[in-house]
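Asks: Here it is, the structure, as structure tokens.
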Amino acid sequence: MSSTGSDDSYFLLVDCNSFYASCERVFQPALRKRPLVVLSNNDGCLIALTPEARRLGLELGDPYFKKQDVIEKNNVAVRSSNYTLYGDMSRRVRSTLKQFSPHLETYSIDEMFLRLTGSPHRDLTQYGHHIVQTVKKCTGIPVSVAIAPTKTLCKVAMERAKIEGQEDVQNTANWKDPEAVLATLPVEDVWGIGSAYARTCRQAGIKTALDLRNCSSRWARNNLTVTGLRRKRELQGISCIPLEPGSAPKKRITCSRMFGEKITEFQDLREAVLTYTRHACKRLRDDEQCAATVQVFIRTDRFVEEKKYSSITLQGLSQPTDSTHVIARKACRCLEEIYRPHYRYHKAGVILSELVPRDKIQRSLTKAETSPPDEKMMHVFDEINKKFGKNSLQLLGEGLEKNWHMRRNHLSPAFTTRWQQLPIAHTV
DNA sequence: TCTGGGGTCCTAGGACCC
DNA sequence: TCTGGGGTCCTAGGACCC
């Protein structure tokens, strides 16, 4: 495997094994001996599986209702997704990893890249094992580690680490025959090659990661855009995708949900849209940003044979704001614009975009929709919800019944974020 | 009855300008 | 017959990720 050879730096990828399922197991030891699956929002499909569940033939993305018989027959434990818990566990893993390198990128809730430069640890593989043990000890979460000269090769190595029977620490430098590893990886399993690009590749006879590495740069650029060309070069060991430390400010914030039951009435949709607006605005303030545009969309079920309708519209704010009230008014106007009666709606969402950092806003003297008292009120609003739970204080228009609420029939307690729900240890 | 939610980046094409 | 060339900005749609 060629490498840039320009320096002695490496990327190290840490991936939490079956992350959501592992989080559930940390606080419920009884689950450790049982196969376990975690469901998506609305208990729709399987989004995390322990290896035991995989061995029963269950797969990521399977609709829950189609697999219920297998699940019941084999006494598989089922949990609704509990993002508050997973987010908190992710933070614990991240703070543990910071002791190994200051150059850390949070790639997703369960994956982190580290960049090691001039590491005193000559034996990087051993170092990887040390990281696995430390994270397990400090957080209870099992992780795998991949070490390579580029991020894409880290992902290749991670694919290997996840194969049963393979080492959970993979260092490409130690592979006896790297080409053989690349030749066994189907091209669609390369990071950045999805189903559409994979089809293009296969039509051109490019079937494996090795084929992609060896294809002409011109072909990659013309058929897979610059992103495909980058993947090819990364497979060659030339780093094109840098570490992105810190968290770049978000460019948009979306809150959308499918409903537990289909709804037709404007009033119900309005309640849902207001609830999503409140959640989105809270995230906006957490991000210390303001939005200049609000978008609202509604749609019927695309899987069912019935009258379909889908629409989206937007409203601009005269001045960027993070005020739930101001944004909620605009969101309602959007909804009025796109709502059509007699359809059975299935999903709605709110998107905040054209975000600007709060401290960079040009104050308008004439058209202020957000006044300083509003800012104070939002602060109080957030503080109350922080103290008493995130839905304690809502907008009046959100309603009380919420017959559109999503299903979460298997939710675990908020072990790490609510005092009342702390796990209790018993002495024997 | 029942198929997630939240993001980013890239490109093509149209509008517009000089 | 023959209808510029080059640039920017915006948007929609496609593709990808976890």
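Numbering starts fresh at 1 for the residues of each chain in the structure tokens, the chains themselves are lettered A, B, ... in the order given, and ligands are numbered from 1 as they appear.
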Within 12 Å of chain C, which residues of chain A are there when counting only C-alpha atoms (C1' of nucleotides)? Please give them as JSON, numbers by chain.
Replies: {"A": [15, 19, 47, 48, 106, 107, 108, 109, 110, 111, 112, 188, 190, 191, 192, 193, 194, 195, 196, 197, 198, 224, 225, 227, 228]}
Asks: So how many Å separate CA of Leu116 in chain A and CA of Ser9 in chain A, to one decimal?
Replies: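 For CA of Leu116 in chain A relative to CA of Ser9 in chain A, the distance reads 5.5 Å.
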Asks: Hey, which of A:Arg55, A:Ser90, A:Arg34, A:Cys138 ends up closest to Val76 in chain A? Count only C-alpha atoms.
Replies: A:Arg34
Asks: Determine the nearest neighbour of Glu337 in chain A from the options A:Gln289, A:Asn82, A:Gln420, A:Gln315, counting only C-alpha atoms.
Replies: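 Counting only C-alpha atoms, the residue closest to Glu337 in chain A is A:Gln315.
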Asks: Excluding Ser353 in chain A and any residue of its chain fewer than 4 positions from it, enumerate the residues within 8 Å of it, using only C-alpha atoms (C1' of nucleotides), and give them as a PDB file with N, CA, C and O atoms, in the first residue's frame.
Replies:
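Printed below is result-v4.pdb as written:
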```pdb
ATOM      1  N   LYS A 251     -25.793  24.331   9.228  1.00  0.00           N
ATOM      2  CA  LYS A 251     -26.325  25.195   8.179  1.00  0.00           C
ATOM      3  C   LYS A 251     -27.843  25.159   8.150  1.00  0.00           C
ATOM      4  O   LYS A 251     -28.482  26.017   7.572  1.00  0.00           O
ATOM      5  N   ARG A 252     -28.390  24.125   8.716  1.00  0.00           N
ATOM      6  CA  ARG A 252     -29.841  24.085   8.874  1.00  0.00           C
ATOM      7  C   ARG A 252     -30.193  23.148  10.016  1.00  0.00           C
ATOM      8  O   ARG A 252     -29.403  22.271  10.384  1.00  0.00           O
ATOM      9  N   ILE A 253     -31.388  23.333  10.544  1.00  0.00           N
ATOM     10  CA  ILE A 253     -31.855  22.495  11.635  1.00  0.00           C
ATOM     11  C   ILE A 253     -33.247  21.996  11.263  1.00  0.00           C
ATOM     12  O   ILE A 253     -34.121  22.785  10.926  1.00  0.00           O
ATOM     13  N   ALA A 291     -32.112  32.063  12.933  1.00  0.00           N
ATOM     14  CA  ALA A 291     -32.540  31.643  11.601  1.00  0.00           C
ATOM     15  C   ALA A 291     -33.194  32.799  10.874  1.00  0.00           C
ATOM     16  O   ALA A 291     -33.887  33.612  11.483  1.00  0.00           O
ATOM     17  N   ALA A 292     -32.971  32.851   9.562  1.00  0.00           N
ATOM     18  CA  ALA A 292     -33.606  33.895   8.764  1.00  0.00           C
ATOM     19  C   ALA A 292     -34.748  33.330   7.925  1.00  0.00           C
ATOM     20  O   ALA A 292     -35.504  34.074   7.325  1.00  0.00           O
ATOM     21  N   THR A 293     -34.848  32.009   7.863  1.00  0.00           N
ATOM     22  CA  THR A 293     -35.891  31.383   7.048  1.00  0.00           C
ATOM     23  C   THR A 293     -36.503  30.198   7.787  1.00  0.00           C
ATOM     24  O   THR A 293     -35.797  29.431   8.430  1.00  0.00           O
ATOM     25  N   VAL A 294     -37.815  30.069   7.660  1.00  0.00           N
ATOM     26  CA  VAL A 294     -38.532  28.919   8.215  1.00  0.00           C
ATOM     27  C   VAL A 294     -39.202  28.182   7.066  1.00  0.00           C
ATOM     28  O   VAL A 294     -39.828  28.807   6.212  1.00  0.00           O
ATOM     29  N   GLN A 295     -39.041  26.858   7.049  1.00  0.00           N
ATOM     30  CA  GLN A 295     -39.739  26.056   6.048  1.00  0.00           C
ATOM     31  C   GLN A 295     -40.613  25.039   6.766  1.00  0.00           C
ATOM     32  O   GLN A 295     -40.233  24.518   7.819  1.00  0.00           O
TER      33      GLN A 295
END
```
Asks: Leaving out range 35-44 of chain A and any residue of its chain fewer than 4 positions from it, which residues lie within 8 Å of it when counting only C-alpha atoms (C1' of nucleotides), given as a PyMOL selection string?
Replies: (chain A and resi 20-21+31+48-53+63-65+75-81+257-260+406-409) or (chain B and resi 2-5)
Asks: Have a look at CA of Pro242 in chain A and CA of Ala220 in chain A and let me know their distance in Å, one decimal.
Replies: 20.0 Å
Asks: Could you please determine the separation between CA of Leu229 in chain A and CA of Leu182 in chain A in Å, to one decimal place?
Replies: 16.8 Å
Asks: Please run DSSP on the backbone and report, as a PyMOL selection string, all residues within range 272-400 of chain A that come out as strand (DSSP E or B).
Replies: chain A and resi 289-300+310-321+345-357
Asks: From a backbone DSSP assignment, name each residue in range 266-351 of chain A labelled alpha helix (DSSP H), as a count of residues only.
Replies: 36
